[in-house]
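Okay, final_4.txt now, which holds compact mmCIF, C-alpha atoms:
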# COMPACT_ATOMS: atom_id res chain seq x y z
CA MET A 15 0.00 0.00 0.00
CA ALA A 16 1.49 3.29 -1.01
CA ASP A 17 2.41 5.80 1.74
CA SER A 18 0.13 8.79 1.74
CA LYS A 19 1.85 12.21 1.84
CA LYS A 20 0.38 15.28 3.45
CA SER A 21 0.78 18.11 1.03
CA LYS A 22 1.58 21.64 2.41
CA LYS A 23 -0.81 24.24 1.27
CA LYS A 24 1.01 27.17 -0.26
CA PRO A 25 -0.08 30.64 0.80
CA SER A 26 -2.24 32.37 -1.67
CA ARG A 27 -1.18 35.49 -3.51
CA SER A 28 -3.55 37.60 -1.41
CA GLN A 29 -2.05 36.22 1.82
CA LYS A 30 1.46 37.03 0.61
CA LYS A 31 0.36 40.56 -0.22
CA PHE A 32 -1.21 40.97 3.23
CA VAL A 33 1.99 39.89 5.02
CA LYS A 34 4.11 42.13 2.81
CA ASP A 35 1.87 45.14 3.46
CA LEU A 36 1.87 44.42 7.20
CA LEU A 37 5.69 44.30 7.39
CA PHE A 38 5.95 47.50 5.37
CA SER A 39 3.48 49.25 7.70
CA ILE A 40 5.48 48.17 10.77
CA PHE A 41 8.68 49.43 9.15
CA VAL A 42 7.10 52.81 8.39
CA LEU A 43 5.79 53.06 11.98
CA ILE A 44 9.26 52.36 13.42
CA ILE A 45 10.80 55.06 11.19
CA ALA A 46 8.11 57.57 12.22
CA LEU A 47 8.59 56.86 15.95
CA ALA A 48 12.37 57.16 15.65
CA SER A 49 12.06 60.49 13.80
CA TYR A 50 9.70 61.84 16.45
CA TYR A 51 12.03 60.82 19.30
CA ILE A 52 15.10 62.38 17.68
CA GLY A 53 13.23 65.56 16.90
CA LYS A 54 12.04 65.89 20.49
CA ASN A 55 15.13 64.74 22.40
CA GLY A 56 18.06 64.99 20.01
CA LEU A 57 20.47 62.22 19.12
CA PRO A 58 21.63 59.98 21.95
CA ASP A 59 24.84 61.10 23.67
CA THR A 60 27.56 58.52 23.13
CA ASP A 61 29.70 59.99 25.93
CA SER A 62 29.20 57.69 28.91
CA SER A 63 29.92 60.53 31.33
CA SER A 64 26.86 62.48 30.19
CA SER A 65 23.33 61.85 31.36
CA SER A 66 19.76 62.95 30.79
CA VAL A 67 20.07 65.10 33.93
CA THR A 68 22.80 67.11 32.23
CA VAL A 69 20.57 67.72 29.19
CA GLU A 70 17.65 68.83 31.34
CA LYS A 71 19.95 71.06 33.37
CA SER A 72 21.30 72.89 30.33
CA GLU A 73 17.76 73.51 29.05
CA ALA A 74 16.73 74.91 32.44
CA GLN A 75 19.79 77.14 32.47
CA GLU A 76 18.87 78.61 29.10
CA GLU A 77 15.34 79.44 30.24
CA ALA A 78 16.11 80.51 33.84
CA ASP A 79 15.63 84.18 34.64
CA THR A 80 16.20 83.87 38.39
CA THR A 81 19.13 82.48 40.35
CA VAL A 82 19.53 81.97 44.08
CA GLU A 83 23.15 81.36 45.04
CA PHE A 84 24.30 80.21 48.45
CA ILE A 85 27.85 81.55 48.44
CA ASP A 86 30.55 79.50 50.14
CA VAL A 87 31.83 81.98 52.73
CA GLY A 88 33.23 79.43 55.17
CA GLN A 89 31.68 79.60 58.63
CA GLY A 90 28.93 82.08 57.82
CA ASP A 91 25.99 82.84 55.53
CA SER A 92 25.58 84.80 52.32
CA THR A 93 22.92 84.45 49.63
CA LEU A 94 22.77 86.33 46.33
CA VAL A 95 19.44 86.54 44.48
CA CYS A 96 19.27 87.74 40.88
CA SER A 97 15.97 88.11 39.03
CA ASP A 98 15.64 89.80 35.65
CA GLY A 99 18.87 91.70 36.29
CA SER A 100 17.89 92.97 39.76
CA TYR A 101 19.92 91.86 42.78
CA MET A 102 19.31 91.23 46.46
CA LEU A 103 22.03 90.19 48.91
CA ILE A 104 21.11 88.41 52.13
CA ASP A 105 23.99 88.50 54.65
CA THR A 106 27.70 88.79 53.84
CA GLY A 107 29.54 86.15 55.84
CA ASP A 108 32.37 87.25 58.12
CA ARG A 109 35.20 89.57 57.16
CA ASP A 110 38.06 87.84 55.40
CA SER A 111 41.28 88.91 53.74
CA ASP A 112 40.02 87.73 50.35
CA ASN A 113 36.89 89.95 50.31
CA THR A 114 35.05 86.84 49.13
CA VAL A 115 31.58 88.28 48.71
CA ILE A 116 32.65 91.62 47.23
CA ASN A 117 34.89 89.92 44.67
CA HIS A 118 32.16 87.43 43.82
CA LEU A 119 29.56 90.15 43.27
CA GLU A 120 31.96 92.11 41.07
CA ASP A 121 32.71 88.96 39.07
CA GLU A 122 28.96 88.58 38.55
CA GLY A 123 28.74 92.12 37.23
CA VAL A 124 26.76 93.47 40.18
CA GLU A 125 26.85 97.25 40.49
CA GLU A 126 23.69 97.87 42.50
CA LEU A 127 21.83 95.93 45.18
CA GLU A 128 18.15 96.78 45.12
CA TYR A 129 17.83 95.17 48.55
CA PHE A 130 20.45 94.30 51.15
CA VAL A 131 19.07 92.14 53.96
CA ILE A 132 21.01 91.53 57.17
CA THR A 133 19.15 88.77 58.94
CA HIS A 134 20.75 89.66 62.30
CA MET A 135 23.85 91.34 63.64
CA ASP A 136 26.26 88.45 64.22
CA ALA A 137 29.63 88.97 62.55
CA ASP A 138 29.40 85.77 60.50
CA HIS A 139 26.33 87.25 58.80
CA MET A 140 27.28 90.92 58.49
CA GLY A 141 31.08 91.00 58.73
CA GLU A 142 31.52 92.56 55.26
CA ALA A 143 28.43 94.77 55.43
CA ALA A 144 30.37 98.05 55.65
CA GLU A 145 32.51 97.11 52.66
CA ILE A 146 29.39 96.10 50.71
CA VAL A 147 27.83 99.53 51.36
CA ASP A 148 31.10 101.24 50.37
CA THR A 149 31.45 99.27 47.13
CA PHE A 150 27.93 99.05 45.67
CA GLU A 151 24.91 101.26 45.19
CA ILE A 152 22.30 100.21 47.74
CA GLY A 153 18.54 100.69 47.48
CA THR A 154 17.16 99.49 50.82
CA ILE A 155 18.91 97.92 53.81
CA ILE A 156 16.57 95.65 55.77
CA THR A 157 17.46 94.30 59.18
CA THR A 158 15.92 93.16 62.40
CA GLN A 159 14.91 95.17 65.44
CA MET A 160 16.25 93.96 68.77
CA PRO A 161 16.50 95.19 72.35
CA ASP A 162 19.20 97.76 73.08
CA SER A 163 20.94 95.22 75.27
CA LEU A 164 21.61 93.01 72.21
CA VAL A 165 22.69 95.75 69.80
CA PRO A 166 26.37 95.09 69.06
CA THR A 167 29.12 97.54 69.95
CA THR A 168 31.72 95.88 67.75
CA ALA A 169 33.97 97.67 65.28
CA VAL A 170 32.27 95.75 62.45
CA TYR A 171 28.88 97.19 63.41
CA GLU A 172 30.22 100.70 63.99
CA ASN A 173 31.94 100.61 60.58
CA LEU A 174 28.63 99.70 58.98
CA LEU A 175 26.92 102.68 60.61
CA ASP A 176 29.70 104.98 59.39
CA SER A 177 29.43 103.65 55.83
CA MET A 178 25.67 104.10 55.87
CA ASP A 179 26.01 107.66 57.19
CA ALA A 180 28.42 108.47 54.36
CA LYS A 181 25.74 107.51 51.83
CA ASP A 182 22.81 108.86 53.85
CA LEU A 183 21.32 105.38 54.23
CA LYS A 184 19.02 104.25 57.03
CA PHE A 185 17.90 100.83 58.21
CA HIS A 186 14.45 99.67 57.14
CA ALA A 187 13.08 97.73 60.09
CA ALA A 188 12.07 94.24 59.05
CA ALA A 189 8.36 93.50 59.23
CA ASP A 190 5.83 91.02 57.91
CA GLU A 191 5.63 92.46 54.40
CA SER A 192 6.24 91.70 50.74
CA PHE A 193 7.87 93.41 47.78
CA THR A 194 9.06 92.52 44.30
CA LEU A 195 12.52 91.83 42.91
CA GLY A 196 12.47 91.33 39.16
CA SER A 197 9.94 88.55 38.58
CA CYS A 198 10.11 87.38 42.23
CA GLU A 199 7.89 88.10 45.19
CA ILE A 200 9.93 88.61 48.35
CA GLN A 201 8.26 88.06 51.72
CA THR A 202 9.91 88.96 55.02
CA TYR A 203 8.84 87.85 58.48
CA ALA A 204 10.09 89.49 61.65
CA PRO A 205 9.99 87.93 65.12
CA GLN A 206 7.54 89.46 67.58
CA GLY A 207 8.62 87.71 70.77
CA GLU A 208 11.27 88.70 73.30
CA TYR A 209 14.43 86.61 73.37
CA SER A 210 17.83 86.58 75.05
CA SER A 211 19.76 85.59 71.92
CA LYS A 212 20.41 87.68 68.79
CA ASN A 213 19.88 84.50 66.77
CA ASN A 214 16.19 84.49 67.64
CA TYR A 215 15.77 87.96 66.17
CA SER A 216 16.65 86.66 62.70
CA VAL A 217 14.57 87.94 59.79
CA LEU A 218 13.06 85.15 57.67
CA VAL A 219 13.11 85.79 53.93
CA LYS A 220 10.92 83.85 51.51
CA ILE A 221 11.60 84.13 47.79
CA ILE A 222 8.80 83.07 45.43
CA HIS A 223 9.44 82.68 41.71
CA GLY A 224 6.48 81.14 39.92
CA GLU A 225 6.06 77.65 41.30
CA ASN A 226 9.44 77.69 43.09
CA SER A 227 10.14 79.04 46.56
CA PHE A 228 13.13 79.48 48.85
CA LEU A 229 13.23 80.08 52.62
CA ILE A 230 16.25 81.83 54.19
CA THR A 231 16.30 81.53 57.97
CA GLY A 232 19.40 83.31 59.31
CA ASP A 233 20.31 81.79 62.69
CA CYS A 234 16.70 81.25 63.77
CA GLU A 235 16.67 78.88 66.76
CA LEU A 236 14.03 76.57 68.19
CA GLU A 237 12.24 79.33 70.13
CA GLU A 238 11.82 81.56 67.09
CA GLU A 239 10.83 78.57 64.95
CA ALA A 240 8.07 77.83 67.47
CA GLU A 241 6.84 81.42 67.25
CA PHE A 242 6.48 81.29 63.46
CA LEU A 243 4.70 77.96 63.71
CA GLU A 244 2.31 79.35 66.32
CA ARG A 245 1.63 82.36 64.10
CA ASN A 246 0.78 80.03 61.18
CA VAL A 247 3.31 81.67 58.87
CA ASP A 248 3.43 79.87 55.53
CA LEU A 249 6.90 78.32 55.79
CA SER A 250 6.54 75.87 52.89
CA ALA A 251 9.40 76.05 50.41
CA ASP A 252 11.18 73.97 47.79
CA VAL A 253 14.59 75.06 49.04
CA LEU A 254 15.54 75.69 52.68
CA LYS A 255 18.66 77.40 53.93
CA ALA A 256 18.99 75.52 57.21
CA ALA A 257 19.13 77.78 60.24
CA HIS A 258 22.27 78.38 62.29
CA HIS A 259 24.58 76.34 60.05
CA GLY A 260 22.91 73.04 60.95
CA SER A 261 23.38 73.56 64.69
CA ASP A 262 21.55 71.48 67.31
CA THR A 263 19.79 74.70 68.38
CA SER A 264 17.65 74.77 65.23
CA SER A 265 15.69 72.75 62.66
CA SER A 266 13.05 71.12 64.83
CA SER A 267 10.99 68.31 63.35
CA GLU A 268 7.88 70.52 63.50
CA PHE A 269 9.60 73.33 61.62
CA LEU A 270 11.01 71.00 58.96
CA ALA A 271 7.59 69.38 58.53
CA ALA A 272 6.08 72.81 57.89
CA VAL A 273 8.72 73.63 55.26
CA MET A 274 8.99 70.15 53.64
CA PRO A 275 11.87 71.19 51.37
CA SER A 276 13.00 69.20 48.37
CA TYR A 277 16.46 70.69 48.86
CA THR A 278 18.28 71.98 51.94
CA VAL A 279 21.51 73.96 52.03
CA ILE A 280 23.70 74.07 55.14
CA SER A 281 26.28 76.86 55.08
CA CYS A 282 29.31 76.19 57.28
CA GLY A 283 33.09 76.12 57.26
CA VAL A 284 35.41 73.17 56.75
CA ASP A 285 36.39 71.58 60.07
CA ASN A 286 34.75 74.45 61.95
CA LYS A 287 35.24 74.60 65.72
CA TYR A 288 31.50 74.40 66.37
CA GLY A 289 31.07 70.96 64.83
CA HIS A 290 28.49 72.23 62.34
CA PRO A 291 26.44 70.61 61.04
CA ASP A 292 25.42 68.69 64.14
CA GLU A 293 25.13 64.98 63.35
CA GLU A 294 21.67 64.47 64.86
CA THR A 295 20.38 67.65 63.24
CA LEU A 296 21.68 66.49 59.86
CA ILE A 297 19.92 63.13 60.29
CA ARG A 298 16.69 64.95 61.18
CA ILE A 299 16.95 67.28 58.18
CA LYS A 300 17.45 64.33 55.84
CA LYS A 301 14.19 62.81 57.07
CA TYR A 302 12.31 65.76 55.59
CA SER A 303 14.57 66.84 52.75
CA PRO A 304 15.59 64.34 50.04
CA THR A 305 18.66 66.35 48.97
CA VAL A 306 21.05 68.16 51.31
CA TYR A 307 24.02 70.30 50.26
CA ILE A 308 26.75 71.40 52.66
CA THR A 309 28.93 74.28 51.48
CA ALA A 310 31.91 72.91 53.44
CA GLU A 311 31.77 69.87 51.15
CA ASP A 312 30.05 71.09 47.96
CA GLY A 313 31.16 74.72 47.72
CA SER A 314 28.74 77.40 46.54
CA ILE A 315 25.30 76.10 45.55
CA THR A 316 23.30 77.87 42.83
CA PHE A 317 19.67 77.19 42.00
CA LEU A 318 18.39 78.27 38.58
CA SER A 319 14.65 78.81 38.24
CA ASP A 320 12.46 79.38 35.19
CA GLY A 321 9.39 79.63 37.42
CA GLU A 322 8.50 75.98 36.93
CA GLY A 323 11.58 73.76 37.13
CA LEU A 324 14.77 74.01 39.16
CA SER A 325 18.31 73.06 38.29
CA VAL A 326 21.32 73.07 40.59
CA GLU A 327 24.98 73.87 40.18
CA GLU A 328 27.74 73.04 42.67
CA SER A 329 31.02 74.96 42.50
CA GLY A 330 32.85 72.16 44.30
CA LYS A 331 35.79 72.57 46.64
CA GLU A 332 39.33 73.15 45.45
Represent the structure of the file as structure tokens.
Amino acid sequence: MADSKKSKKKPSRSQKKFVKDLLFSIFVLIIALASYYIGKNGLPDTDSSSSSVTVEKSEAQEEADTTVEFIDVGQGDSTLVCSDGSYMLIDTGDRDSDNTVINHLEDEGVEELEYFVITHMDADHMGEAAEIVDTFEIGTIITTQMPDSLVPTTAVYENLLDSMDAKDLKFHAAADESFTLGSCEIQTYAPQGEYSSKNNYSVLVKIIHGENSFLITGDCELEEEAEFLERNVDLSADVLKAAHHGSDTSSSSEFLAAVMPSYTVISCGVDNKYGHPDEETLIRIKKYSPTVYITAEDGSITFLSDGEGLSVEESGKE
């Protein structure tokens, strides 16, 4: 009996045409998707050291019209805000032989400070204030009011008064008020309680640029933090300048929870004698803030804002 063979049925011409058309359609779709991706994102970077973060950062830099720079002044505080070509300086750090802040402002092309805020009268916050007044045109000098018993009698403070007199400048007493700087809204909050420490008379400065906000706290300690919480001041901010250089006298859990910063900057000196930032305080800050910069380790920290996104630059340490 002859073996029976199963014959394979050949695909019809219409089936072949269907498969061919399907493959061609898939090919065209792949080409279209690839063209769209390249047009939107550019060609992939073959340099392994580059990343998508770098690309996003450069785009944000091009569109940013406001910068907030936490200047590395060693064991002290100084913050430079620039918005649409207008400048505000918050604190100066201590005096140093390098004139760090003055030289930095001149390098940035600053000729006039629309606002000069001195959060309080400790030398590590206002040590170069007299030289700043001597060197630049100043619009308004804002500082805190404190009891006569806490007003300093130091040469640094007296020099500031002399420099102000020479330019017929007066202090504007800090209050709960707001004003504009370029495209930013600036809010200041002054303490209303009575305290034994100059630190607790620190002016709080909140900078709002579109959807981004920054909170500068001077050397505000736990007692002043509690006052602002009790007064229901809106402390929320994307970026926090941690109070008192990360000391154990500041940054309570309640205060940090009210701010809920995405970024925190601690300004302090390398191997400073105070042990700043305090280890437990740093642990507590990191519970509420995903990213923490320390000027002693990272150098000056600059945030660039386009009103929606933020990018960050670190100067690094030499």
Nearby residues (all atoms listed in the file) at most 6 Å from stretch 80-85 of chain A, same-chain spacing under 3 positions excluded, as a list in words: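 With the cut-off at 6 Å, the set is Ser92, Thr93, Leu94, Val95, Cys96, Ser97, Ser314, Ile315, Thr316, Phe317, Leu318 and Ser319 of chain A.
Once A:Leu183 and its same-chain neighbours fewer than 3 positions away are set aside, Thr154, Ile155, Met178, Asp179 and Ala180 of chain A remain within 8 Å of it when counting all atoms listed in the file.
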Which residue of A:Thr305, A:Ser276, A:Ser265, A:Asn213 approaches A:Asp292 most closely, using all atoms listed in the file: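 Of the candidates, the smallest distance to A:Asp292 is held by A:Ser265.
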Within 10 Å of file point (35.8, 74.6, 54.6), counting all atoms listed in the file, expressed as a list in words: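 Protein, DNA and RNA residues close to (35.8, 74.6, 54.6): Asp86, Val87, Gly88, Gln89, Ser281, Cys282, Gly283, Val284, Asp285, Asn286, Ile308, Thr309, Ala310, Glu311, Asp312, Gly313, Lys331 and Glu332 of chain A.
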Distance criterion (all atoms listed in the file): nearest to A:Asp91 out of A:Ala78, A:Thr231, A:Gly107, A:Asp162: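 Distance minimum relative to A:Asp91 lands on A:Gly107.
Using all atoms listed in the file, the residues found no farther than 7 Å from stretch 252-259 of chain A, other than those of its own chain fewer than 4 positions away, are Asn226, Ser227, Phe228, Leu229, Ile230, Thr231, Gly232, Asp233, Cys234, Ser264, Ser265, Pro275, Ser276, Tyr277, Thr278, Val279, Ile280, Ser281, Cys282, His290 and Pro291 of chain A.
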Among the residues A:Val326, A:Asp190, A:Lys287, A:Gly260, the one that comes closest to A:Phe242 [using only C-alpha atoms]: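 With only C-alpha atoms as the atom set, the closest residue is A:Asp190.
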Coordinates-based distance that separates atom CA of A:Asp105 from atom CA of A:His134 (Å, one decimal):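 These atoms are spaced 8.4 Å apart.
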From A:Glu199, A:Asp182, A:Glu191, A:Asp108, residue lying nearest A:Asp138 [all atoms listed in the file]: A:Asp108
Would you list the contacts of A:Val124 as a tab-separated table (two decimals) with C-alpha atoms, keeping the file's coordinate frame, taking every protein, DNA or RNA residue within 9 Å and counting all atoms listed in the file, but skipping same-chain residues closer than 6 positions in sequence?
chain	number	residue	atom	x	y	z
A	99	GLY	CA	18.87	91.70	36.29
A	100	SER	CA	17.89	92.97	39.76
A	101	TYR	CA	19.92	91.86	42.78
A	118	HIS	CA	32.16	87.43	43.82
A	150	PHE	CA	27.93	99.05	45.67
Two-atom distance - atom CA of A:Val165, atom CA of A:Tyr203 (Å):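 Taking atom CA of A:Val165 as the start and atom CA of A:Tyr203 as the end point, the length is 19.6 Å.
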One-decimal distance in Å that lies between atom CA of A:Ala240 and atom CA of A:Gly207: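 Between atom CA of A:Gly207 and atom CA of A:Ala240 the gap is 10.4 Å.
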May I ask you to restore N, CA and C atoms in stretch 115-142 of chain A and write the result as a CSV table (one decimal), keeping the file's coordinate frame?
chain,number,residue,atom,x,y,z
A,115,VAL,N,32.9,87.9,49.3
A,115,VAL,CA,31.6,88.3,48.7
A,115,VAL,C,31.7,89.5,47.8
A,116,ILE,N,32.5,90.5,48.1
A,116,ILE,CA,32.6,91.6,47.2
A,116,ILE,C,33.2,91.2,45.9
A,117,ASN,N,34.3,90.4,45.9
A,117,ASN,CA,34.9,89.9,44.7
A,117,ASN,C,33.9,89.1,43.8
A,118,HIS,N,33.1,88.3,44.5
A,118,HIS,CA,32.2,87.4,43.8
A,118,HIS,C,31.1,88.3,43.1
A,119,LEU,N,30.6,89.3,43.9
A,119,LEU,CA,29.6,90.2,43.3
A,119,LEU,C,30.1,90.9,42.1
A,120,GLU,N,31.4,91.4,42.2
A,120,GLU,CA,32.0,92.1,41.1
A,120,GLU,C,32.2,91.2,39.9
A,121,ASP,N,32.6,89.9,40.2
A,121,ASP,CA,32.7,89.0,39.1
A,121,ASP,C,31.4,88.7,38.4
A,122,GLU,N,30.3,88.8,39.1
A,122,GLU,CA,29.0,88.6,38.6
A,122,GLU,C,28.4,89.8,37.8
A,123,GLY,N,29.2,90.9,37.9
A,123,GLY,CA,28.7,92.1,37.2
A,123,GLY,C,27.8,93.0,38.0
A,124,VAL,N,27.7,92.7,39.3
A,124,VAL,CA,26.8,93.5,40.2
A,124,VAL,C,27.3,94.9,40.4
A,125,GLU,N,26.5,95.9,40.2
A,125,GLU,CA,26.8,97.2,40.5
A,125,GLU,C,25.9,97.8,41.5
A,126,GLU,N,24.7,97.3,41.6
A,126,GLU,CA,23.7,97.9,42.5
A,126,GLU,C,22.9,96.7,43.1
A,127,LEU,N,22.7,96.9,44.4
A,127,LEU,CA,21.8,95.9,45.2
A,127,LEU,C,20.5,96.7,45.5
A,128,GLU,N,19.4,96.1,44.9
A,128,GLU,CA,18.2,96.8,45.1
A,128,GLU,C,17.8,96.6,46.6
A,129,TYR,N,18.1,95.4,47.1
A,129,TYR,CA,17.8,95.2,48.6
A,129,TYR,C,19.0,94.5,49.2
A,130,PHE,N,19.4,94.9,50.4
A,130,PHE,CA,20.4,94.3,51.2
A,130,PHE,C,19.8,93.9,52.5
A,131,VAL,N,19.7,92.6,52.7
A,131,VAL,CA,19.1,92.1,54.0
A,131,VAL,C,20.1,91.6,54.9
A,132,ILE,N,20.1,92.1,56.1
A,132,ILE,CA,21.0,91.5,57.2
A,132,ILE,C,20.1,90.8,58.1
A,133,THR,N,20.1,89.5,58.2
A,133,THR,CA,19.2,88.8,58.9
A,133,THR,C,19.3,89.1,60.4
A,134,HIS,N,20.5,89.2,60.9
A,134,HIS,CA,20.8,89.7,62.3
A,134,HIS,C,22.2,90.1,62.4
A,135,MET,N,22.6,90.6,63.5
A,135,MET,CA,23.8,91.3,63.6
A,135,MET,C,25.0,90.5,64.2
A,136,ASP,N,25.1,89.2,63.9
A,136,ASP,CA,26.3,88.4,64.2
A,136,ASP,C,27.3,88.7,63.1
A,137,ALA,N,28.6,88.7,63.5
A,137,ALA,CA,29.6,89.0,62.6
A,137,ALA,C,29.7,88.0,61.4
A,138,ASP,N,29.3,86.7,61.6
A,138,ASP,CA,29.4,85.8,60.5
A,138,ASP,C,28.3,85.9,59.5
A,139,HIS,N,27.4,86.9,59.7
A,139,HIS,CA,26.3,87.2,58.8
A,139,HIS,C,26.5,88.7,58.2
A,140,MET,N,27.2,89.5,59.0
A,140,MET,CA,27.3,90.9,58.5
A,140,MET,C,28.7,91.5,58.6
A,141,GLY,N,29.7,90.6,58.6
A,141,GLY,CA,31.1,91.0,58.7
A,141,GLY,C,31.6,91.9,57.6
A,142,GLU,N,31.1,91.7,56.4
A,142,GLU,CA,31.5,92.6,55.3
A,142,GLU,C,30.5,93.6,54.9
